[in-house]
$ cat model.txt   # compact mmCIF, C-alpha atoms
# COMPACT_ATOMS: atom_id res chain seq x y z
CA MET A 314 89.41 113.72 94.27
CA GLU A 315 87.09 116.72 94.33
CA ARG A 316 85.11 117.22 91.14
CA PRO A 317 85.27 120.83 89.83
CA ALA A 318 81.95 122.48 88.97
CA TRP A 319 82.86 122.58 85.27
CA ALA A 320 83.54 118.83 85.06
CA PRO A 321 80.48 116.96 83.74
CA GLN A 322 79.06 114.09 85.77
CA GLY A 323 79.77 110.62 84.49
CA ILE A 324 83.40 111.11 83.45
CA ASP A 325 86.23 109.33 85.21
CA ILE A 326 88.50 112.12 86.47
CA SER A 327 91.07 109.58 87.67
CA VAL A 328 92.10 108.74 84.08
CA PRO A 329 94.30 111.13 82.03
CA SER A 330 92.77 112.68 78.90
CA VAL A 331 94.85 113.78 75.90
CA SER A 332 92.65 116.85 75.35
CA ARG A 333 93.08 117.95 78.98
CA MET A 334 96.84 117.29 78.75
CA TYR A 335 96.88 119.48 75.62
CA ASP A 336 95.04 122.16 77.61
CA PHE A 337 97.74 121.91 80.29
CA TYR A 338 100.56 122.26 77.75
CA LEU A 339 98.90 125.44 76.48
CA GLY A 340 98.60 126.89 79.98
CA GLY A 341 94.85 126.26 80.35
CA SER A 342 92.99 125.57 83.58
CA HIS A 343 90.61 122.79 82.49
CA ASN A 344 92.72 119.81 83.51
CA PHE A 345 93.07 117.60 86.57
CA GLU A 346 96.12 116.58 88.56
CA VAL A 347 96.07 113.18 86.83
CA ASP A 348 96.41 115.00 83.47
CA ARG A 349 99.17 117.26 84.76
CA GLU A 350 101.04 114.28 86.19
CA ALA A 351 100.93 112.42 82.85
CA ALA A 352 101.91 115.59 80.95
CA ARG A 353 104.87 116.24 83.25
CA LYS A 354 106.00 112.65 82.81
CA ALA A 355 105.84 113.05 79.01
CA MET A 356 107.82 116.29 79.31
CA GLU A 357 110.59 114.48 81.18
CA PHE A 358 111.41 112.81 77.85
CA LEU A 359 110.30 115.63 75.53
CA PRO A 360 110.61 118.93 77.42
CA GLY A 361 109.60 120.94 74.38
CA LEU A 362 106.02 119.59 74.29
CA PRO A 363 104.44 122.95 75.27
CA LYS A 364 106.38 124.65 72.45
CA ILE A 365 105.19 122.02 69.97
CA MET A 366 101.57 122.63 71.03
CA GLN A 367 102.04 126.39 70.74
CA ALA A 368 103.40 125.91 67.22
CA ASN A 369 100.31 123.81 66.43
CA ARG A 370 97.99 126.58 67.62
CA ALA A 371 99.90 129.30 65.78
CA PHE A 372 99.78 127.24 62.57
CA MET A 373 96.04 126.69 63.03
CA ARG A 374 95.39 130.42 63.41
CA ARG A 375 97.37 131.26 60.25
CA ALA A 376 95.58 128.51 58.31
CA VAL A 377 92.15 129.76 59.43
CA ARG A 378 93.02 133.30 58.34
CA TYR A 379 94.24 131.89 55.02
CA ALA A 380 90.93 130.05 54.57
CA VAL A 381 88.90 133.20 55.27
CA ASP A 382 91.06 135.17 52.81
CA ALA A 383 90.34 132.43 50.26
CA GLY A 384 86.60 133.06 50.68
CA ILE A 385 85.73 130.16 52.99
CA ASP A 386 83.25 130.96 55.75
CA GLN A 387 82.55 127.43 57.06
CA PHE A 388 84.83 125.42 59.35
CA LEU A 389 84.60 121.84 60.60
CA ASP A 390 87.12 121.26 63.40
CA ILE A 391 87.36 117.57 64.34
CA GLY A 392 89.22 116.68 67.52
CA SER A 393 88.82 120.29 68.60
CA GLY A 394 89.63 119.70 72.27
CA ILE A 395 89.03 122.20 75.06
CA PRO A 396 88.61 125.76 73.75
CA THR A 397 91.44 128.08 74.70
CA PHE A 398 92.11 131.69 73.77
CA GLY A 399 92.43 132.18 70.02
CA ASN A 400 90.38 129.15 69.01
CA VAL A 401 88.97 128.65 65.50
CA HIS A 402 85.69 130.54 65.96
CA GLU A 403 87.46 133.55 67.48
CA VAL A 404 90.00 133.76 64.65
CA ALA A 405 87.49 133.10 61.87
CA GLN A 406 84.77 135.40 63.19
CA ALA A 407 87.28 138.21 63.83
CA ALA A 408 88.11 138.05 60.12
CA ASP A 409 84.53 137.39 58.95
CA PRO A 410 81.66 137.81 61.45
CA ARG A 411 79.51 135.54 59.26
CA ALA A 412 81.91 132.60 59.60
CA LYS A 413 80.36 129.40 60.97
CA VAL A 414 82.31 126.86 63.01
CA ALA A 415 81.27 123.33 63.94
CA TYR A 416 83.53 121.74 66.56
CA VAL A 417 83.59 117.96 67.00
CA ASP A 418 85.15 116.04 69.89
CA HIS A 419 84.56 112.78 71.73
CA ASP A 420 85.92 113.94 75.12
CA PRO A 421 82.96 114.80 77.42
CA VAL A 422 84.97 117.55 79.17
CA ALA A 423 85.85 119.16 75.82
CA VAL A 424 82.21 118.99 74.71
CA ALA A 425 80.81 120.35 77.98
CA HIS A 426 83.30 123.21 78.19
CA SER A 427 82.82 124.06 74.51
CA ARG A 428 79.06 124.35 75.06
CA ALA A 429 79.69 126.83 77.88
CA VAL A 430 82.16 128.88 75.82
CA LEU A 431 79.91 128.95 72.75
CA GLU A 432 76.70 129.86 74.58
CA GLY A 433 75.06 132.76 72.78
CA ASN A 434 77.16 132.32 69.63
CA ASP A 435 74.69 131.45 66.86
CA HIS A 436 77.48 130.76 64.39
CA ALA A 437 79.33 128.06 66.35
CA VAL A 438 78.32 124.63 67.74
CA ILE A 439 79.92 121.60 69.38
CA ALA A 440 79.02 118.03 68.42
CA ALA A 441 79.92 114.92 70.38
CA SER A 442 81.38 112.48 67.86
CA ASP A 443 84.56 110.63 66.95
CA LEU A 444 86.85 111.01 63.93
CA ARG A 445 86.84 107.22 63.60
CA HIS A 446 83.15 107.43 62.64
CA PRO A 447 83.03 109.96 59.78
CA LYS A 448 79.51 109.01 58.67
CA GLU A 449 78.21 109.98 62.12
CA ILE A 450 79.98 113.33 61.93
CA LEU A 451 78.64 114.10 58.46
CA ALA A 452 75.10 113.23 59.57
CA ASN A 453 75.28 114.87 62.99
CA PRO A 454 72.37 117.35 63.31
CA GLU A 455 74.58 119.90 65.10
CA VAL A 456 76.94 119.88 62.12
CA THR A 457 74.35 119.73 59.34
CA GLY A 458 72.18 122.32 61.09
CA LEU A 459 74.97 124.88 60.86
CA LEU A 460 77.15 123.99 57.88
CA ASP A 461 76.08 123.61 54.25
CA LEU A 462 78.29 120.76 53.05
CA ASN A 463 77.36 121.57 49.45
CA ARG A 464 79.51 124.68 49.80
CA PRO A 465 83.27 124.85 50.49
CA VAL A 466 84.34 123.97 54.03
CA ALA A 467 87.70 124.13 55.78
CA LEU A 468 88.17 120.78 57.52
CA LEU A 469 90.58 121.02 60.45
CA LEU A 470 92.39 117.91 61.69
CA VAL A 471 94.90 119.60 63.98
CA ALA A 472 96.93 117.36 66.32
CA VAL A 473 94.35 114.57 66.21
CA LEU A 474 95.32 111.99 63.59
CA HIS A 475 98.39 110.90 65.55
CA PHE A 476 96.02 109.52 68.19
CA ILE A 477 94.30 107.24 65.65
CA GLU A 478 96.00 103.87 65.24
CA ASP A 479 96.34 102.29 61.80
CA ALA A 480 94.02 99.49 62.97
CA ASP A 481 91.25 102.10 63.22
CA ASP A 482 91.82 103.10 59.56
CA PRO A 483 92.50 106.84 59.84
CA ARG A 484 93.15 107.03 56.09
CA GLY A 485 89.74 105.60 55.35
CA ALA A 486 88.09 108.06 57.73
CA VAL A 487 89.90 111.04 56.22
CA ALA A 488 89.16 109.81 52.69
CA GLU A 489 85.44 109.66 53.50
CA LEU A 490 85.54 113.22 54.84
CA ARG A 491 87.61 114.45 51.86
CA GLU A 492 85.15 112.98 49.38
CA ALA A 493 82.15 114.49 51.18
CA LEU A 494 83.48 118.04 50.89
CA ALA A 495 82.52 120.39 48.06
CA PRO A 496 85.05 121.59 45.46
CA GLY A 497 87.04 124.52 46.80
CA SER A 498 87.20 123.00 50.29
CA LEU A 499 90.41 122.86 52.31
CA ILE A 500 91.97 120.30 54.63
CA VAL A 501 94.10 121.80 57.42
CA LEU A 502 96.21 119.15 59.12
CA THR A 503 99.06 118.77 61.60
CA HIS A 504 100.68 115.54 62.72
CA ALA A 505 103.42 114.38 65.09
CA SER A 506 106.53 112.78 63.65
CA TYR A 507 109.99 111.70 64.77
CA GLU A 508 111.26 113.92 61.96
CA GLY A 509 112.26 117.34 63.20
CA ILE A 510 112.39 116.50 66.91
CA PRO A 511 115.76 117.66 68.30
CA LEU A 512 116.20 114.34 70.13
CA SER A 513 117.02 110.80 69.11
CA LYS A 514 114.15 108.44 68.33
CA GLU A 515 115.08 106.47 71.45
CA GLU A 516 114.73 109.57 73.65
CA ALA A 517 111.44 110.63 72.04
CA ASP A 518 110.11 107.08 72.50
CA GLY A 519 109.88 107.81 76.23
CA THR A 520 107.03 110.25 75.53
CA VAL A 521 105.39 107.79 73.15
CA GLY A 522 105.49 105.26 75.98
CA VAL A 523 103.72 107.65 78.38
CA TYR A 524 100.80 108.03 75.96
CA ARG A 525 100.71 104.28 75.38
CA ASN A 526 100.50 103.73 79.12
CA ILE A 527 97.43 105.97 79.42
CA ARG A 528 95.82 104.01 76.57
CA ASN A 529 96.04 106.85 74.06
CA PRO A 530 98.85 105.67 71.79
CA LEU A 531 100.78 108.45 70.05
CA ILE A 532 101.43 107.29 66.49
CA MET A 533 104.47 108.91 64.91
CA ARG A 534 104.21 108.93 61.11
CA THR A 535 106.70 109.89 58.41
CA HIS A 536 106.42 112.91 56.12
CA GLU A 537 105.34 110.61 53.29
CA GLU A 538 102.70 108.87 55.42
CA ILE A 539 101.28 112.20 56.61
CA GLY A 540 101.22 113.49 53.04
CA SER A 541 98.96 110.58 52.03
CA PHE A 542 96.10 112.11 54.05
CA PHE A 543 95.91 114.85 51.39
CA GLU A 544 95.41 112.41 48.51
CA GLY A 545 93.36 113.98 45.72
CA TYR A 546 93.87 117.51 47.08
CA GLU A 547 96.32 120.08 45.72
CA MET A 548 98.82 121.18 48.36
CA VAL A 549 98.83 124.89 49.12
CA GLU A 550 102.32 126.41 49.05
CA PRO A 551 104.70 125.78 50.75
CA GLY A 552 103.32 122.23 51.06
CA LEU A 553 103.70 119.89 54.02
CA VAL A 554 106.38 121.52 56.18
CA SER A 555 107.32 122.05 59.81
CA MET A 556 104.67 124.28 61.37
CA PRO A 557 106.69 127.52 61.79
CA GLU A 558 107.64 127.29 58.08
CA TRP A 559 104.01 127.38 56.87
CA ARG A 560 103.31 130.98 55.80
CA PRO A 561 104.87 132.63 58.89
CA ASP A 562 103.52 136.01 59.95
CA THR A 563 107.04 137.42 60.16
CA PRO A 564 110.23 136.53 58.26
CA GLN A 565 111.78 135.19 61.43
CA SER A 566 114.81 133.02 60.79
CA PRO A 567 114.61 129.41 61.98
CA GLU A 568 117.59 130.05 64.26
CA GLN A 569 115.42 132.38 66.34
CA GLU A 570 112.75 129.74 66.92
CA ASP A 571 112.78 127.10 69.63
CA PRO A 572 113.99 123.92 67.85
CA TYR A 573 111.09 121.94 69.32
CA ALA A 574 108.64 124.08 67.29
CA PHE A 575 109.90 122.30 64.17
CA SER A 576 108.76 118.88 65.39
CA GLY A 577 106.16 117.26 63.15
CA PHE A 578 104.42 118.71 60.10
CA GLY A 579 101.53 120.90 59.04
CA GLY A 580 99.93 121.59 55.69
CA VAL A 581 96.83 122.70 53.83
CA GLY A 582 95.29 120.99 50.81
CA ARG A 583 92.62 122.31 48.41
CA LYS A 584 89.97 120.28 46.58
CA ALA A 585 89.79 121.21 42.91

$ encode --input "model.txt" --output "structure tokens"
Amino acid sequence: MERPAWAPQGIDISVPSVSRMYDFYLGGSHNFEVDREAARKAMEFLPGLPKIMQANRAFMRRAVRYAVDAGIDQFLDIGSGIPTFGNVHEVAQAADPRAKVAYVDHDPVAVAHSRAVLEGNDHAVIAASDLRHPKEILANPEVTGLLDLNRPVALLLVAVLHFIEDADDPRGAVAELREALAPGSLIVLTHASYEGIPLSKEEADGTVGVYRNIRNPLIMRTHEEIGSFFEGYEMVEPGLVSMPEWRPDTPQSPEQEDPYAFSGFGGVGRKA
């Protein structure tokens, strides 16, 4: 397999990556055939996956604009993936040129491509770290060199927690991050769930099996379980809802939306 110029040395391009599969679902070009093959296999069971990812991105953009309107000018995006059009720094800095964004990801391709995209942007950085190690993130010099954690921050955990198994204690990791944030901070979160998917659990399990086979288990959690990640934070209206229902830009009726867009949940919490 020929290695593209943008692919960093030292990564195994024969193994699918969830961030590159996500890039493929969104129509990006930074993915390999092995990623596309795995993504297509997942779509055989859940054909609406691209629509779900688009709903994720649209929710993220609305939440970032909400944060800027609320006076927040610092963003910590963990599990940021490969930058595509309309990413956090573009949305935030369009609304407030002073906004600072620290991206965090453990995928070498995501980190390398983010560095290229962010070159020349003094208000955005990428740090190589893993959500499962919150202390490392909070002490990372890229993060601390840009963000003042004594001031309010919007913490983004968009489409990442469902790749953290319970054995790796995602609730403990999120709790540590929640507690480290200053009053007035926000948590912006989306998560996959069987709830809302216009298929039976048995049908959707085919996609879960694809991710398990590539050693990136997709953990479906209930509305109640996802809500527990906001513990100690006040939910911003309308609460934890399907992504198109969170402060939509237009009063579009649900009947006009692709039913797959309502798979999973998104919400924003505020620290008092």

$ closest_residue --input "model.txt" --among "A:Gly394, A:Pro551, A:Pro454, A:Pro447" --to "Arg428 in chain A" --atoms "all atoms listed in the file"
A:Gly394

$ atom_distance --input "model.txt" --atom1 "CA of Leu362 in chain A" --atom2 "CA of Tyr573 in chain A"
7.5 Å

$ residues_around --input "model.txt" --residues "range 339-343 of chain A" --least-positions-apart "5" --cutoff "8 Å" --atoms "all atoms listed in the file" --output "list of chain:residue names"
A:Arg333, A:Pro363, A:Met366, A:Gln367, A:Ile395, A:Thr397

$ closest_residue --input "model.txt" --among "A:Ala574, A:Val554, A:Val377, A:Val521" --to "Ala405 in chain A" --atoms "all atoms listed in the file"
A:Val377

$ residues_around --input "model.txt" --residues "Ala407 in chain A" --least-positions-apart "5" --cutoff "12 Å" --atoms "all atoms listed in the file" --output "JSON list (two decimals) with C-alpha atoms, in the frame of the given file"
[["chain", "number", "residue", "atom", "x", "y", "z"],
["A", 374, "ARG", "CA", 95.39, 130.42, 63.41],
["A", 377, "VAL", "CA", 92.15, 129.76, 59.43],
["A", 378, "ARG", "CA", 93.02, 133.30, 58.34],
["A", 381, "VAL", "CA", 88.90, 133.20, 55.27],
["A", 386, "ASP", "CA", 83.25, 130.96, 55.75],
["A", 399, "GLY", "CA", 92.43, 132.18, 70.02],
["A", 400, "ASN", "CA", 90.38, 129.15, 69.01],
["A", 401, "VAL", "CA", 88.97, 128.65, 65.50],
["A", 402, "HIS", "CA", 85.69, 130.54, 65.96],
["A", 412, "ALA", "CA", 81.91, 132.60, 59.60],
["A", 413, "LYS", "CA", 80.36, 129.40, 60.97]]

$ residues_around --input "model.txt" --residues "His536 in chain A" --least-positions-apart "3" --cutoff "9 Å" --atoms "all atoms listed in the file" --output "compact mmCIF listing (two decimals) with C-alpha atoms, in the frame of the given file"
# COMPACT_ATOMS: atom_id res chain seq x y z
CA SER A 506 106.53 112.78 63.65
CA GLU A 508 111.26 113.92 61.96
CA ILE A 539 101.28 112.20 56.61
CA GLY A 540 101.22 113.49 53.04
CA SER A 541 98.96 110.58 52.03
CA LEU A 553 103.70 119.89 54.02
CA VAL A 554 106.38 121.52 56.18
CA GLY A 577 106.16 117.26 63.15
CA PHE A 578 104.42 118.71 60.10

$ closest_residue --input "model.txt" --among "A:Ser332, A:Thr520, A:Asn344, A:Thr457" --to "Met533 in chain A" --atoms "all atoms listed in the file"
A:Thr520

$ atom_distance --input "model.txt" --atom1 "CA of Phe345 in chain A" --atom2 "CA of Glu449 in chain A"
29.6 Å

$ residues_around --input "model.txt" --residues "Ala440 in chain A" --least-positions-apart "6" --cutoff "7 Å" --atoms "only C-alpha atoms" --output "number ranges by chain"
A: 416-418, 455-456

$ decode --input "model.txt" --residues "range 488-572 of chain A" --atoms "C-alpha atoms" --output "CSV table (one decimal), in the first residue's frame"
chain,number,residue,atom,x,y,z
A,488,ALA,CA,-15.1,13.7,36.4
A,489,GLU,CA,-11.5,14.7,36.7
A,490,LEU,CA,-11.8,17.1,33.7
A,491,ARG,CA,-15.1,18.5,35.1
A,492,GLU,CA,-13.6,19.2,38.5
A,493,ALA,CA,-10.5,20.9,36.9
A,494,LEU,CA,-12.6,23.5,35.0
A,495,ALA,CA,-13.4,26.9,36.4
A,496,PRO,CA,-16.9,28.0,37.3
A,497,GLY,CA,-18.9,29.1,34.2
A,498,SER,CA,-17.3,26.4,32.1
A,499,LEU,CA,-19.3,24.2,29.8
A,500,ILE,CA,-19.3,20.5,28.8
A,501,VAL,CA,-20.4,19.8,25.2
A,502,LEU,CA,-21.0,16.1,24.7
A,503,THR,CA,-22.5,13.7,22.2
A,504,HIS,CA,-22.8,10.0,22.5
A,505,ALA,CA,-24.1,7.0,20.5
A,506,SER,CA,-27.0,5.0,21.8
A,507,TYR,CA,-29.4,2.3,20.6
A,508,GLU,CA,-32.2,4.8,21.5
A,509,GLY,CA,-33.4,6.8,18.5
A,510,ILE,CA,-31.8,4.5,15.8
A,511,PRO,CA,-34.6,3.6,13.3
A,512,LEU,CA,-33.5,0.0,13.4
A,513,SER,CA,-33.8,-2.9,15.9
A,514,LYS,CA,-31.0,-3.4,18.4
A,515,GLU,CA,-30.2,-6.7,16.6
A,516,GLU,CA,-29.7,-4.8,13.3
A,517,ALA,CA,-27.7,-2.0,14.8
A,518,ASP,CA,-25.5,-4.7,16.6
A,519,GLY,CA,-24.0,-5.5,13.2
A,520,THR,CA,-22.3,-2.1,13.2
A,521,VAL,CA,-21.2,-2.5,16.8
A,522,GLY,CA,-19.6,-5.8,15.7
A,523,VAL,CA,-17.6,-4.1,12.9
A,524,TYR,CA,-16.0,-1.7,15.4
A,525,ARG,CA,-15.3,-4.5,17.8
A,526,ASN,CA,-13.6,-6.4,15.1
A,527,ILE,CA,-11.2,-3.5,14.4
A,528,ARG,CA,-10.5,-3.3,18.1
A,529,ASN,CA,-12.3,-0.1,18.7
A,530,PRO,CA,-15.4,-1.2,20.5
A,531,LEU,CA,-18.4,1.1,20.1
A,532,ILE,CA,-20.1,1.3,23.5
A,533,MET,CA,-23.8,2.1,23.2
A,534,ARG,CA,-25.1,3.8,26.4
A,535,THR,CA,-28.6,4.7,27.6
A,536,HIS,CA,-29.9,8.2,28.0
A,537,GLU,CA,-29.5,7.9,31.8
A,538,GLU,CA,-26.0,6.6,31.5
A,539,ILE,CA,-25.0,9.4,29.1
A,540,GLY,CA,-26.6,12.0,31.4
A,541,SER,CA,-24.3,10.8,34.3
A,542,PHE,CA,-21.3,12.4,32.5
A,543,PHE,CA,-22.8,15.8,33.3
A,544,GLU,CA,-22.9,15.2,37.1
A,545,GLY,CA,-22.6,18.4,39.1
A,546,TYR,CA,-23.3,20.6,36.0
A,547,GLU,CA,-26.6,22.3,35.2
A,548,MET,CA,-28.0,21.2,31.9
A,549,VAL,CA,-28.6,23.9,29.4
A,550,GLU,CA,-32.0,23.9,27.9
A,551,PRO,CA,-33.4,21.7,26.2
A,552,GLY,CA,-31.2,19.2,28.1
A,553,LEU,CA,-29.9,15.9,26.8
A,554,VAL,CA,-31.8,15.4,23.5
A,555,SER,CA,-31.3,14.0,20.0
A,556,MET,CA,-28.8,16.2,18.2
A,557,PRO,CA,-31.2,17.9,15.7
A,558,GLU,CA,-33.5,18.9,18.7
A,559,TRP,CA,-30.7,20.8,20.5
A,560,ARG,CA,-31.3,24.5,19.7
A,561,PRO,CA,-31.9,24.0,15.9
A,562,ASP,CA,-31.0,26.9,13.6
A,563,THR,CA,-34.4,26.7,11.9
A,564,PRO,CA,-37.8,25.5,13.2
A,565,GLN,CA,-37.6,22.5,10.9
A,566,SER,CA,-40.1,19.8,11.9
A,567,PRO,CA,-38.6,16.4,12.8
A,568,GLU,CA,-40.6,14.8,9.9
A,569,GLN,CA,-38.3,16.8,7.5
A,570,GLU,CA,-35.1,15.4,9.0
A,571,ASP,CA,-33.5,12.1,8.1
A,572,PRO,CA,-34.6,9.7,10.9
